[in-house]
Structures are given as structure tokens and as C-alpha cells.
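Here is the file data.pdb (PDB, C-alpha atoms, pLDDT in the B column).
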ATOM      1  CA  MET X   1     138.176 201.784  60.411  1.00 86.00           C
ATOM      2  CA  SER X   2     138.440 205.245  61.950  1.00 83.00           C
ATOM      3  CA  VAL X   3     134.929 205.083  63.375  1.00 86.00           C
ATOM      4  CA  ASN X   4     135.591 201.561  64.602  1.00 84.00           C
ATOM      5  CA  PHE X   5     138.699 202.688  66.506  1.00 79.00           C
ATOM      6  CA  ILE X   6     137.298 205.957  67.847  1.00 77.00           C
ATOM      7  CA  LEU X   7     133.977 204.568  69.110  1.00 79.00           C
ATOM      8  CA  ARG X   8     135.514 201.224  70.147  1.00 75.00           C
ATOM      9  CA  ARG X   9     132.893 199.219  68.243  1.00 83.00           C
ATOM     10  CA  ASN X  10     135.241 196.213  67.931  1.00 82.00           C
ATOM     11  CA  VAL X  11     133.578 194.829  64.824  1.00 87.00           C
ATOM     12  CA  SER X  12     135.313 192.259  62.637  1.00 88.00           C
ATOM     13  CA  MET X  13     137.363 193.130  59.565  1.00 91.00           C
ATOM     14  CA  LYS X  14     134.813 191.229  57.458  1.00 92.00           C
ATOM     15  CA  ARG X  15     132.102 193.714  58.419  1.00 92.00           C
ATOM     16  CA  LEU X  16     134.375 196.667  57.662  1.00 92.00           C
ATOM     17  CA  VAL X  17     135.144 195.213  54.228  1.00 93.00           C
ATOM     18  CA  LEU X  18     131.420 194.687  53.644  1.00 92.00           C
ATOM     19  CA  GLY X  19     130.732 198.321  54.567  1.00 92.00           C
ATOM     20  CA  SER X  20     133.480 199.451  52.182  1.00 90.00           C
ATOM     21  CA  PHE X  21     132.024 197.285  49.419  1.00 90.00           C
ATOM     22  CA  ILE X  22     128.610 198.917  49.922  1.00 89.00           C
ATOM     23  CA  GLY X  23     130.354 202.300  49.662  1.00 86.00           C
ATOM     24  CA  ASN X  24     131.464 201.426  46.151  1.00 86.00           C
ATOM     25  CA  ILE X  25     127.822 201.497  45.072  1.00 80.00           C
ATOM     26  CA  THR X  26     128.301 205.247  44.680  1.00 79.00           C
ATOM     27  CA  LEU X  27     130.403 204.528  41.573  1.00 82.00           C
ATOM     28  CA  ILE X  28     127.203 203.984  39.615  1.00 79.00           C
ATOM     29  CA  LEU X  29     126.603 207.737  39.977  1.00 75.00           C
ATOM     30  CA  LEU X  30     129.150 208.139  37.194  1.00 75.00           C
ATOM     31  CA  PHE X  31     126.624 206.620  34.794  1.00 82.00           C
ATOM     32  CA  ILE X  32     123.342 208.036  36.145  1.00 81.00           C
ATOM     33  CA  LYS X  33     122.058 211.534  35.564  1.00 82.00           C
ATOM     34  CA  MET X  34     120.130 212.867  38.574  1.00 81.00           C
ATOM     35  CA  SER X  35     119.141 216.128  40.246  1.00 84.00           C
ATOM     36  CA  ASN X  36     121.106 217.607  43.146  1.00 84.00           C
ATOM     37  CA  LEU X  37     118.345 216.682  45.608  1.00 87.00           C
ATOM     38  CA  LEU X  38     118.233 213.080  44.432  1.00 86.00           C
ATOM     39  CA  PHE X  39     122.042 212.960  44.527  1.00 83.00           C
ATOM     40  CA  ILE X  40     122.083 214.055  48.191  1.00 85.00           C
ATOM     41  CA  ILE X  41     119.377 211.535  49.126  1.00 88.00           C
ATOM     42  CA  PHE X  42     121.255 208.748  47.351  1.00 86.00           C
ATOM     43  CA  LYS X  43     124.497 209.608  49.177  1.00 85.00           C
ATOM     44  CA  LEU X  44     122.705 209.766  52.533  1.00 89.00           C
ATOM     45  CA  VAL X  45     121.014 206.396  52.025  1.00 91.00           C
ATOM     46  CA  THR X  46     124.334 204.887  50.969  1.00 90.00           C
ATOM     47  CA  SER X  47     126.091 206.197  54.096  1.00 90.00           C
ATOM     48  CA  ILE X  48     123.342 204.682  56.260  1.00 93.00           C
ATOM     49  CA  LEU X  49     123.748 201.323  54.512  1.00 93.00           C
ATOM     50  CA  ILE X  50     127.536 201.464  54.959  1.00 93.00           C
ATOM     51  CA  ASN X  51     127.225 201.993  58.704  1.00 93.00           C
ATOM     52  CA  VAL X  52     124.465 199.444  59.245  1.00 93.00           C
ATOM     53  CA  CYS X  53     126.402 196.802  57.315  1.00 92.00           C
ATOM     54  CA  ALA X  54     129.644 197.595  59.151  1.00 93.00           C
ATOM     55  CA  PHE X  55     128.349 198.083  62.704  1.00 92.00           C
ATOM     56  CA  GLY X  56     124.880 196.567  62.688  1.00 90.00           C
ATOM     57  CA  TYR X  57     121.736 198.204  64.056  1.00 89.00           C
ATOM     58  CA  LYS X  58     121.132 198.225  67.812  1.00 82.00           C
ATOM     59  CA  ASP X  59     119.046 201.358  68.248  1.00 85.00           C
ATOM     60  CA  PHE X  60     118.547 204.787  66.694  1.00 89.00           C
ATOM     61  CA  ARG X  61     121.087 206.556  68.924  1.00 84.00           C
ATOM     62  CA  TYR X  62     123.780 203.950  68.258  1.00 87.00           C
ATOM     63  CA  THR X  63     123.346 204.192  64.484  1.00 90.00           C
ATOM     64  CA  THR X  64     123.084 208.007  64.464  1.00 90.00           C
ATOM     65  CA  LYS X  65     126.356 208.306  66.397  1.00 87.00           C
ATOM     66  CA  ASN X  66     128.094 205.964  63.951  1.00 90.00           C
ATOM     67  CA  ILE X  67     126.884 207.997  60.967  1.00 91.00           C
ATOM     68  CA  THR X  68     127.829 211.323  62.616  1.00 89.00           C
ATOM     69  CA  TYR X  69     131.392 210.196  63.272  1.00 86.00           C
ATOM     70  CA  PHE X  70     131.527 208.642  59.809  1.00 90.00           C
ATOM     71  CA  TYR X  71     130.907 212.069  58.267  1.00 89.00           C
ATOM     72  CA  LEU X  72     133.282 213.859  60.651  1.00 85.00           C
ATOM     73  CA  VAL X  73     136.084 211.455  59.787  1.00 84.00           C
ATOM     74  CA  SER X  74     135.315 211.713  56.076  1.00 84.00           C
ATOM     75  CA  VAL X  75     135.443 215.505  56.095  1.00 83.00           C
ATOM     76  CA  LEU X  76     138.630 215.749  58.171  1.00 78.00           C
ATOM     77  CA  LEU X  77     140.639 212.975  56.549  1.00 76.00           C
ATOM     78  CA  GLY X  78     139.271 213.510  53.048  1.00 78.00           C
ATOM     79  CA  GLY X  79     139.826 217.241  53.301  1.00 77.00           C
ATOM     80  CA  GLY X  80     143.359 216.716  54.575  1.00 72.00           C
ATOM     81  CA  ILE X  81     144.297 214.375  51.737  1.00 71.00           C
ATOM     82  CA  TYR X  82     142.669 216.713  49.186  1.00 75.00           C
ATOM     83  CA  PHE X  83     144.778 219.551  50.580  1.00 74.00           C
ATOM     84  CA  LEU X  84     147.981 217.502  50.262  1.00 69.00           C
ATOM     85  CA  LYS X  85     147.080 216.517  46.716  1.00 69.00           C
ATOM     86  CA  ASN X  86     146.611 220.150  45.722  1.00 70.00           C
ATOM     87  CA  GLN X  87     149.889 221.159  47.329  1.00 69.00           C
ATOM     88  CA  PHE X  88     151.815 218.630  45.270  1.00 66.00           C
ATOM     89  CA  ALA X  89     149.703 218.649  42.100  1.00 65.00           C
ATOM     90  CA  TYR X  90     150.033 222.276  41.035  1.00 63.00           C
ATOM     91  CA  SER X  91     153.031 224.399  40.161  1.00 61.00           C
ATOM     92  CA  ASN X  92     152.986 228.170  40.434  1.00 59.00           C
ATOM     93  CA  LYS X  93     153.713 230.013  37.176  1.00 61.00           C
ATOM     94  CA  GLY X  94     153.263 233.579  38.368  1.00 56.00           C
ATOM     95  CA  LEU X  95     149.527 234.200  38.612  1.00 57.00           C
ATOM     96  CA  ILE X  96     148.778 230.897  36.904  1.00 57.00           C
ATOM     97  CA  PHE X  97     148.643 227.517  38.670  1.00 54.00           C
ATOM     98  CA  MET X  98     149.262 224.610  36.331  1.00 59.00           C
ATOM     99  CA  GLU X  99     148.630 220.957  37.058  1.00 60.00           C
ATOM    100  CA  GLN X 100     151.788 218.953  36.661  1.00 58.00           C
ATOM    101  CA  ASP X 101     152.629 215.293  36.271  1.00 56.00           C
ATOM    102  CA  ILE X 102     152.055 214.009  39.788  1.00 56.00           C
ATOM    103  CA  GLY X 103     152.529 210.283  39.391  1.00 56.00           C
ATOM    104  CA  TRP X 104     155.426 210.393  41.835  1.00 56.00           C
ATOM    105  CA  CYS X 105     153.400 212.567  44.227  1.00 60.00           C
ATOM    106  CA  TYR X 106     150.664 210.038  44.831  1.00 63.00           C
ATOM    107  CA  GLY X 107     153.048 207.905  46.859  1.00 64.00           C
ATOM    108  CA  ILE X 108     153.805 210.889  49.108  1.00 65.00           C
ATOM    109  CA  VAL X 109     150.158 211.826  49.425  1.00 62.00           C
ATOM    110  CA  PHE X 110     149.197 208.236  50.194  1.00 66.00           C
ATOM    111  CA  SER X 111     151.946 207.901  52.830  1.00 69.00           C
ATOM    112  CA  LEU X 112     151.024 211.199  54.473  1.00 67.00           C
ATOM    113  CA  GLY X 113     147.366 210.210  54.328  1.00 65.00           C
ATOM    114  CA  ILE X 114     148.079 207.021  56.289  1.00 70.00           C
ATOM    115  CA  PHE X 115     150.104 209.024  58.814  1.00 73.00           C
ATOM    116  CA  MET X 116     147.232 211.523  59.171  1.00 69.00           C
ATOM    117  CA  PHE X 117     144.797 208.661  59.676  1.00 70.00           C
ATOM    118  CA  PHE X 118     146.653 207.117  62.615  1.00 73.00           C
ATOM    119  CA  LYS X 119     147.594 210.495  64.097  1.00 72.00           C
ATOM    120  CA  TYR X 120     144.005 211.657  63.889  1.00 70.00           C
ATOM    121  CA  VAL X 121     142.615 208.510  65.488  1.00 71.00           C
ATOM    122  CA  LYS X 122     145.176 208.628  68.307  1.00 74.00           C
ATOM    123  CA  SER X 123     144.536 212.315  69.029  1.00 72.00           C
ATOM    124  CA  PHE X 124     140.780 211.861  68.909  1.00 70.00           C
ATOM    125  CA  LYS X 125     140.890 208.927  71.336  1.00 70.00           C
ATOM    126  CA  GLU X 126     143.100 210.893  73.738  1.00 71.00           C
ATOM    127  CA  LEU X 127     140.726 213.865  73.639  1.00 68.00           C
ATOM    128  CA  ASP X 128     137.700 211.617  74.033  1.00 70.00           C
ATOM    129  CA  SER X 129     139.293 209.819  77.000  1.00 70.00           C
ATOM    130  CA  HIS X 130     140.259 213.107  78.659  1.00 69.00           C
ATOM    131  CA  TYR X 131     137.105 215.132  78.162  1.00 69.00           C
ATOM    132  CA  SER X 132     134.815 212.239  79.008  1.00 79.00           C
ATOM    133  CA  ASN X 133     135.853 212.914  82.620  1.00 86.00           C
ATOM    134  CA  TYR X 134     134.473 216.483  82.502  1.00 88.00           C
ATOM    135  CA  TYR X 135     131.158 217.138  84.244  1.00 90.00           C
ATOM    136  CA  ASN X 136     129.006 220.177  84.888  1.00 90.00           C
ATOM    137  CA  CYS X 137     127.863 219.962  88.512  1.00 93.00           C
ATOM    138  CA  LYS X 138     125.578 221.900  90.825  1.00 94.00           C
ATOM    139  CA  ILE X 139     126.368 221.892  94.525  1.00 96.00           C
ATOM    140  CA  TYR X 140     123.340 222.656  96.695  1.00 96.00           C
ATOM    141  CA  PHE X 141     124.241 224.025 100.113  1.00 94.00           C
ATOM    142  CA  ASP X 142     120.535 224.659 100.604  1.00 91.00           C
ATOM    143  CA  GLU X 143     117.572 225.489  98.372  1.00 87.00           C
ATOM    144  CA  GLU X 144     118.765 229.062  97.777  1.00 90.00           C
ATOM    145  CA  ASN X 145     122.552 228.718  97.698  1.00 93.00           C
ATOM    146  CA  ILE X 146     123.624 226.752  94.643  1.00 94.00           C
ATOM    147  CA  LEU X 147     127.183 226.653  93.287  1.00 94.00           C
ATOM    148  CA  GLU X 148     127.713 225.590  89.664  1.00 92.00           C
ATOM    149  CA  VAL X 149     131.170 224.179  88.902  1.00 92.00           C
ATOM    150  CA  ASN X 150     133.092 222.447  86.126  1.00 90.00           C
ATOM    151  CA  ALA X 151     134.270 219.184  87.642  1.00 92.00           C
ATOM    152  CA  PHE X 152     136.870 216.609  86.661  1.00 92.00           C
ATOM    153  CA  LEU X 153     136.533 212.967  87.650  1.00 92.00           C
ATOM    154  CA  ASP X 154     139.805 212.000  89.320  1.00 89.00           C
ATOM    155  CA  THR X 155     139.847 208.240  89.800  1.00 83.00           C
ATOM    156  CA  GLY X 156     142.892 208.602  92.065  1.00 81.00           C
ATOM    157  CA  ASN X 157     141.084 210.878  94.495  1.00 81.00           C
ATOM    158  CA  LYS X 158     140.326 208.805  97.609  1.00 84.00           C
ATOM    159  CA  LEU X 159     139.607 211.631 100.052  1.00 89.00           C
ATOM    160  CA  LYS X 160     136.910 210.895 102.603  1.00 90.00           C
ATOM    161  CA  ASP X 161     135.934 211.844 106.122  1.00 91.00           C
ATOM    162  CA  PRO X 162     137.192 209.000 108.377  1.00 89.00           C
ATOM    163  CA  TYR X 163     134.396 209.649 110.888  1.00 89.00           C
ATOM    164  CA  SER X 164     131.303 209.881 108.685  1.00 90.00           C
ATOM    165  CA  ASN X 165     132.858 207.952 105.749  1.00 91.00           C
ATOM    166  CA  LYS X 166     131.581 210.654 103.386  1.00 93.00           C
ATOM    167  CA  SER X 167     133.502 211.312 100.167  1.00 92.00           C
ATOM    168  CA  ILE X 168     135.150 214.705  99.785  1.00 94.00           C
ATOM    169  CA  ILE X 169     135.015 216.727  96.596  1.00 95.00           C
ATOM    170  CA  LEU X 170     137.561 219.515  96.182  1.00 95.00           C
ATOM    171  CA  VAL X 171     136.521 223.013  95.125  1.00 95.00           C
ATOM    172  CA  GLN X 172     138.841 225.963  94.595  1.00 92.00           C
ATOM    173  CA  GLU X 173     138.611 228.197  97.632  1.00 92.00           C
ATOM    174  CA  GLU X 174     137.743 231.376  95.721  1.00 90.00           C
ATOM    175  CA  MET X 175     134.580 229.691  94.409  1.00 90.00           C
ATOM    176  CA  ILE X 176     133.049 229.596  97.906  1.00 91.00           C
ATOM    177  CA  ASP X 177     131.257 232.615  99.360  1.00 88.00           C
ATOM    178  CA  LYS X 178     132.565 232.529 102.933  1.00 83.00           C
ATOM    179  CA  SER X 179     130.082 235.189 104.035  1.00 86.00           C
ATOM    180  CA  LYS X 180     127.377 232.528 103.925  1.00 89.00           C
ATOM    181  CA  ASP X 181     126.498 230.692 107.096  1.00 88.00           C
ATOM    182  CA  TYR X 182     127.593 227.232 105.965  1.00 91.00           C
ATOM    183  CA  THR X 183     128.380 224.468 108.454  1.00 92.00           C
ATOM    184  CA  MET X 184     132.157 224.079 108.548  1.00 93.00           C
ATOM    185  CA  LEU X 185     134.360 221.309 109.899  1.00 93.00           C
ATOM    186  CA  TYR X 186     137.961 220.132 109.665  1.00 94.00           C
ATOM    187  CA  VAL X 187     138.751 216.694 108.313  1.00 94.00           C
ATOM    188  CA  PRO X 188     142.142 215.007 108.846  1.00 92.00           C
ATOM    189  CA  TYR X 189     143.784 213.849 105.652  1.00 84.00           C
ATOM    190  CA  HIS X 190     146.919 212.006 104.696  1.00 78.00           C
ATOM    191  CA  SER X 191     148.438 212.150 101.210  1.00 69.00           C
ATOM    192  CA  LEU X 192     151.681 210.888  99.716  1.00 62.00           C
ATOM    193  CA  ASN X 193     153.755 213.897 100.760  1.00 69.00           C
ATOM    194  CA  SER X 194     151.773 215.591 103.493  1.00 73.00           C
ATOM    195  CA  ARG X 195     149.128 215.342 106.154  1.00 82.00           C
ATOM    196  CA  GLY X 196     146.986 217.826 108.008  1.00 87.00           C
ATOM    197  CA  LEU X 197     143.452 219.164 108.391  1.00 92.00           C
ATOM    198  CA  LEU X 198     141.271 220.004 105.409  1.00 93.00           C
ATOM    199  CA  MET X 199     138.631 222.710 105.765  1.00 93.00           C
ATOM    200  CA  CYS X 200     135.296 221.360 104.551  1.00 95.00           C
ATOM    201  CA  TYR X 201     131.687 222.490 104.308  1.00 95.00           C
ATOM    202  CA  LYS X 202     128.592 220.424 104.647  1.00 94.00           C
ATOM    203  CA  ALA X 203     126.299 220.534 101.628  1.00 94.00           C
ATOM    204  CA  TRP X 204     122.805 219.289 100.933  1.00 94.00           C
ATOM    205  CA  LYS X 205     123.378 217.487  97.633  1.00 95.00           C
ATOM    206  CA  ILE X 206     125.303 217.550  94.359  1.00 96.00           C
ATOM    207  CA  GLU X 207     123.649 217.223  90.947  1.00 95.00           C
ATOM    208  CA  ILE X 208     125.462 215.543  88.041  1.00 93.00           C
ATOM    209  CA  ASP X 209     123.651 214.769  84.777  1.00 88.00           C
ATOM    210  CA  GLY X 210     120.252 215.018  86.449  1.00 90.00           C
ATOM    211  CA  LYS X 211     121.180 212.618  89.276  1.00 93.00           C
ATOM    212  CA  TYR X 212     121.952 213.431  92.889  1.00 94.00           C
ATOM    213  CA  CYS X 213     124.245 212.372  95.712  1.00 94.00           C
ATOM    214  CA  ASP X 214     123.906 213.583  99.309  1.00 92.00           C
ATOM    215  CA  LYS X 215     126.730 211.725 101.066  1.00 92.00           C
ATOM    216  CA  PHE X 216     129.690 214.050 100.557  1.00 95.00           C
ATOM    217  CA  LEU X 217     131.599 217.045 101.905  1.00 95.00           C
ATOM    218  CA  VAL X 218     132.979 220.047 100.059  1.00 95.00           C
ATOM    219  CA  GLY X 219     136.711 220.462 100.701  1.00 94.00           C
ATOM    220  CA  LEU X 220     138.452 223.774  99.981  1.00 94.00           C
ATOM    221  CA  SER X 221     141.591 223.751  97.862  1.00 92.00           C
ATOM    222  CA  LYS X 222     143.942 226.732  97.945  1.00 88.00           C
ATOM    223  CA  ASP X 223     145.861 225.439  94.925  1.00 84.00           C
ATOM    224  CA  ASN X 224     144.857 225.622  91.285  1.00 82.00           C
ATOM    225  CA  PHE X 225     144.028 222.274  89.679  1.00 84.00           C
ATOM    226  CA  PHE X 226     145.926 223.061  86.445  1.00 78.00           C
ATOM    227  CA  ILE X 227     143.264 221.264  84.393  1.00 78.00           C
ATOM    228  CA  ASP X 228     141.712 223.271  81.570  1.00 72.00           C
ATOM    229  CA  GLY X 229     138.532 225.009  82.783  1.00 77.00           C
ATOM    230  CA  ILE X 230     138.240 222.911  85.963  1.00 88.00           C
ATOM    231  CA  ASN X 231     137.452 224.284  89.423  1.00 91.00           C
ATOM    232  CA  CYS X 232     136.224 221.116  91.137  1.00 94.00           C
ATOM    233  CA  ILE X 233     137.528 217.567  91.573  1.00 94.00           C
ATOM    234  CA  ILE X 234     135.155 214.658  92.168  1.00 94.00           C
ATOM    235  CA  ASN X 235     135.811 210.938  92.625  1.00 89.00           C
ATOM    236  CA  ASN X 236     134.336 207.558  91.785  1.00 89.00           C
ATOM    237  CA  LYS X 237     132.487 207.295  95.094  1.00 90.00           C
ATOM    238  CA  ILE X 238     130.448 210.357  94.191  1.00 92.00           C
ATOM    239  CA  MET X 239     129.580 208.860  90.796  1.00 91.00           C
ATOM    240  CA  GLU X 240     128.636 205.537  92.400  1.00 89.00           C
ATOM    241  CA  GLY X 241     126.388 207.302  94.916  1.00 89.00           C
ATOM    242  CA  LEU X 242     124.303 209.108  92.292  1.00 91.00           C
ATOM    243  CA  LYS X 243     120.621 208.204  92.239  1.00 89.00           C
TER     244      LYS X 243
END

Kindly return the structure encoded in the file as C-alpha cells.
Amino acid sequence: MSVNFILRRNVSMKRLVLGSFIGNITLILLFIKMSNLLFIIFKLVTSILINVCAFGYKDFRYTTKNITYFYLVSVLLGGGIYFLKNQFAYSNKGLIFMEQDIGWCYGIVFSLGIFMFFKYVKSFKELDSHYSNYYNCKIYFDEENILEVNAFLDTGNKLKDPYSNKSIILVQEEMIDKSKDYTMLYVPYHSLNSRGLLMCYKAWKIEIDGKYCDKFLVGLSKDNFFIDGINCIINNKIMEGLK
């Protein structure tokens, strides 16, 4: 269920139940004696079967990603519940830790486990949604002058030059070497609370994930973006113009 929510696979509950049923095959390990190597292989094959039954097989990358997240979720949630169980299961008698009757504790552990599950999924989806808008970009002013920036895709950024209709990306001013002989121009802008002229530079192209766009201007921002590790803001028009 965690993998289904995090990766937005949207598979039916029947498939999830089928995957869980396949997971119960591992119970036969209680009655079979095998080497550590064979044990690991058996567990790996079982995890592959669980994911294929639950999410189907589309291609290698799709299945590998499902299995990777399956293990990440298992380690984090399983480890968290194991930690809670140990906290409630043992009493401290000086230097000795003794296991106590924890029948009443299982309800607490189970409840906290459910809470951890939903909290984990929510946090993971928020992180995934946020950091999926991070891009490493290279701005080419010419063949020799290349600026590498950490960019954030701001879907609300609609800045463009009204004359050339080129999109404007924003770069923090201190990132630009003003001693270089770049072509500069001023572009009028109008935002919610202000209007004025934005200092911009012409650039040759911008590279994002191996693709390029050449219809843009580089606008200078004097303000910090207050986004973790970001010194450039791009918009949807730049992404749509990549080729």
C-alpha cells in the first residue's frame, strides 16, 4: 500500500491483496532448512513476485523502481515498528533488560505503527512533489562561458519579454560575472505588487537533463529565493521549449 501511494500506481485493492498473499509464501521458510545464500535468493525472488503480482510488469525500469521502494518502505516502517516493540517489551533491571508481558503493548505498537505508516507516506509524497521540481541546469552565454545553477521549476512564474516573447529565467545577481561582455537589456515587468524594469542578459542556450532551449533571457534577481539550495528560477515555458 505504501508503494502504491508513494509511486501513484493506482492499482486495485485486489492486486494488493494478491501481492500480500504471495508474501506469505515466506512462511514456509519456518519448515525448510537452507543456506544463507539460498535464503537470500528465495527472499529476493519472493519480493519480485510480490511486486509483479501487485503492480504488473511494464518494463524493467518500472519493476525495479517498485522493488526499490518496496525495500525502502520495509526497512523504514519495519525498523520503526521493531524499535517501538523493543521500547515497550523490555524493562530495565539495572544492567539487565528483561522481556515483560507485553500483551497490552501490542495495541499501542500497532496503533503507532499505523500512525507512522500514514505519516511516512504523507511526508514522502510531499518531499517527492517538492524535489521533483529541482533541476541542475547549465546556462551557455557562449561556448566558453557556462554557468551551472540549481534551478527550481516555478509554475507561477510567467515572466517574459513582451517584445521578443522570450521566457525569462531568474538567476541570483551574485552568480553572474558582470566583468564579462554579455549583451544586456532591460525588460519591463509587472507583478502583483510592483512594476519596473528587469535587467536581463542574452544567452545562447540552457541545458536541462541533456535537452536544450534557446528562446529565453536571463533576468537578475537581487533577492534571495529562500528555497533550499536554489539560485535559479525557471518556468513551464522553458521546459516546453526543450528539444

For this session: Extract, using only C-alpha atoms, all DNA, RNA and protein residues at most 12 Å from X:Ser132, discarding same-chain residues fewer than 4 positions from it, and format them as a PyMOL selection string.
Result: chain X and resi 124-128+136+151-154

*asked:* Going by the chain IDs and residue numbers used in this file, which residues fall under the PyMOL selection byres ((chain X and resi 19-23) around 9)? Write them as a PyMOL selection string.
replied: chain X and resi 14-18+24-27+46-47+49-55

**Counting all atoms listed in the file, the option among X:Gly78, X:Leu38, X:Tyr135, X:Tyr69 closest to X:Val149** =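 Looking only at the distances to X:Val149, the closest residue turns out to be X:Tyr135.
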
Exercise. Find the distance between atom CA of X:Lys122 and atom CA of X:Leu72 and write it in Å to one decimal.
Key: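 Going from atom CA of X:Lys122 over to atom CA of X:Leu72, I get 15.1 Å.
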
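Among the candidates X:Tyr201, X:Phe141, X:Phe216, X:Tyr134, the one nearest to X:Ile168 when counting all atoms listed in the file is X:Phe216.
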
| said: Show me, as number ranges by chain, the residues that have an atom within 10 Å of X:Gly196 when counting all atoms listed in the file, minus same-chain residues fewer than 5 positions from it. | reply: X: 186-191

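For the structure shown here, the set of residues caught by the PyMOL selection byres ((chain X and resi 165) around 12) is Lys158, Leu159, Lys160, Asp161, Pro162, Tyr163, Ser164, Lys166, Ser167, Ile168, Val187, Lys215, Phe216, Leu217 and Lys237 of chain X.
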
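For the pair atom CA of X:Asp142 and atom CA of X:Ala203, the separation is 7.2 Å.
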
Exercise for the section: Could you jot down the atom CA of X:Lys211 to atom CA of X:Asn236 separation for me, Å, one decimal place? Expected result: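 These atoms are spaced 14.3 Å apart.
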
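The closest residue to X:Ile227, picked from X:Asn133, X:Ile32, X:Trp204, X:Lys243 and counting all atoms listed in the file, is X:Asn133.
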
### Task
Find the residues around X:Thr68 up to 12 Å (only C-alpha atoms counted), leave out those fewer than 6 positions away in its own chain, and share them as a list in words.
Val3, Leu7, Leu44, Ser47, Ile48, Asn51, Arg61, Tyr62, Ser74 and Val75 of chain X

Have stretch 131-153 of chain X completed to N, CA and C atoms, please, and pass it along as a PDB file, in the coordinates of the input.
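Below you can see part12.pdb, which holds the result:
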ATOM      1  N   TYR X 131     138.271 214.297  77.939  1.00 69.00           N
ATOM      2  CA  TYR X 131     137.105 215.132  78.162  1.00 69.00           C
ATOM      3  C   TYR X 131     135.870 214.339  78.578  1.00 69.00           C
ATOM      4  N   SER X 132     135.925 213.034  78.497  1.00 79.00           N
ATOM      5  CA  SER X 132     134.815 212.239  79.008  1.00 79.00           C
ATOM      6  C   SER X 132     134.753 212.290  80.523  1.00 79.00           C
ATOM      7  N   ASN X 133     135.816 212.779  81.162  1.00 86.00           N
ATOM      8  CA  ASN X 133     135.853 212.914  82.620  1.00 86.00           C
ATOM      9  C   ASN X 133     135.426 214.296  83.084  1.00 86.00           C
ATOM     10  N   TYR X 134     134.947 215.150  82.153  1.00 88.00           N
ATOM     11  CA  TYR X 134     134.473 216.483  82.502  1.00 88.00           C
ATOM     12  C   TYR X 134     132.976 216.429  82.811  1.00 88.00           C
ATOM     13  N   TYR X 135     132.564 217.107  83.870  1.00 90.00           N
ATOM     14  CA  TYR X 135     131.158 217.138  84.244  1.00 90.00           C
ATOM     15  C   TYR X 135     130.765 218.537  84.717  1.00 90.00           C
ATOM     16  N   ASN X 136     129.567 218.949  84.352  1.00 90.00           N
ATOM     17  CA  ASN X 136     129.006 220.177  84.888  1.00 90.00           C
ATOM     18  C   ASN X 136     128.167 219.800  86.109  1.00 90.00           C
ATOM     19  N   CYS X 137     128.502 220.358  87.259  1.00 93.00           N
ATOM     20  CA  CYS X 137     127.863 219.962  88.512  1.00 93.00           C
ATOM     21  C   CYS X 137     127.236 221.166  89.214  1.00 93.00           C
ATOM     22  N   LYS X 138     126.194 220.902  89.969  1.00 94.00           N
ATOM     23  CA  LYS X 138     125.578 221.900  90.825  1.00 94.00           C
ATOM     24  C   LYS X 138     125.644 221.405  92.264  1.00 94.00           C
ATOM     25  N   ILE X 139     126.253 222.229  93.109  1.00 96.00           N
ATOM     26  CA  ILE X 139     126.368 221.892  94.525  1.00 96.00           C
ATOM     27  C   ILE X 139     125.322 222.702  95.285  1.00 96.00           C
ATOM     28  N   TYR X 140     124.409 222.000  95.941  1.00 96.00           N
ATOM     29  CA  TYR X 140     123.340 222.656  96.695  1.00 96.00           C
ATOM     30  C   TYR X 140     123.727 222.681  98.175  1.00 96.00           C
ATOM     31  N   PHE X 141     124.014 223.889  98.679  1.00 94.00           N
ATOM     32  CA  PHE X 141     124.241 224.025 100.113  1.00 94.00           C
ATOM     33  C   PHE X 141     122.897 224.087 100.838  1.00 94.00           C
ATOM     34  N   ASP X 142     121.934 224.687 100.182  1.00 91.00           N
ATOM     35  CA  ASP X 142     120.535 224.659 100.604  1.00 91.00           C
ATOM     36  C   ASP X 142     119.709 225.017  99.367  1.00 91.00           C
ATOM     37  N   GLU X 143     118.434 225.239  99.531  1.00 87.00           N
ATOM     38  CA  GLU X 143     117.572 225.489  98.372  1.00 87.00           C
ATOM     39  C   GLU X 143     117.893 226.793  97.656  1.00 87.00           C
ATOM     40  N   GLU X 144     118.484 227.758  98.368  1.00 90.00           N
ATOM     41  CA  GLU X 144     118.765 229.062  97.777  1.00 90.00           C
ATOM     42  C   GLU X 144     120.211 229.219  97.321  1.00 90.00           C
ATOM     43  N   ASN X 145     121.125 228.564  97.992  1.00 93.00           N
ATOM     44  CA  ASN X 145     122.552 228.718  97.698  1.00 93.00           C
ATOM     45  C   ASN X 145     123.050 227.532  96.878  1.00 93.00           C
ATOM     46  N   ILE X 146     123.218 227.796  95.588  1.00 94.00           N
ATOM     47  CA  ILE X 146     123.624 226.752  94.643  1.00 94.00           C
ATOM     48  C   ILE X 146     124.905 227.209  93.943  1.00 94.00           C
ATOM     49  N   LEU X 147     125.905 226.353  93.938  1.00 94.00           N
ATOM     50  CA  LEU X 147     127.183 226.653  93.287  1.00 94.00           C
ATOM     51  C   LEU X 147     127.345 225.752  92.069  1.00 94.00           C
ATOM     52  N   GLU X 148     127.511 226.361  90.899  1.00 92.00           N
ATOM     53  CA  GLU X 148     127.713 225.590  89.664  1.00 92.00           C
ATOM     54  C   GLU X 148     129.197 225.550  89.341  1.00 92.00           C
ATOM     55  N   VAL X 149     129.729 224.354  89.127  1.00 92.00           N
ATOM     56  CA  VAL X 149     131.170 224.179  88.902  1.00 92.00           C
ATOM     57  C   VAL X 149     131.417 223.260  87.716  1.00 92.00           C
ATOM     58  N   ASN X 150     132.612 223.379  87.141  1.00 90.00           N
ATOM     59  CA  ASN X 150     133.092 222.447  86.126  1.00 90.00           C
ATOM     60  C   ASN X 150     133.994 221.442  86.828  1.00 90.00           C
ATOM     61  N   ALA X 151     133.578 220.196  86.855  1.00 92.00           N
ATOM     62  CA  ALA X 151     134.270 219.184  87.642  1.00 92.00           C
ATOM     63  C   ALA X 151     135.022 218.191  86.766  1.00 92.00           C
ATOM     64  N   PHE X 152     136.082 217.649  87.329  1.00 92.00           N
ATOM     65  CA  PHE X 152     136.870 216.609  86.661  1.00 92.00           C
ATOM     66  C   PHE X 152     136.856 215.362  87.535  1.00 92.00           C
ATOM     67  N   LEU X 153     136.565 214.231  86.924  1.00 92.00           N
ATOM     68  CA  LEU X 153     136.533 212.967  87.650  1.00 92.00           C
ATOM     69  C   LEU X 153     137.944 212.427  87.800  1.00 92.00           C
TER      70      LEU X 153
END
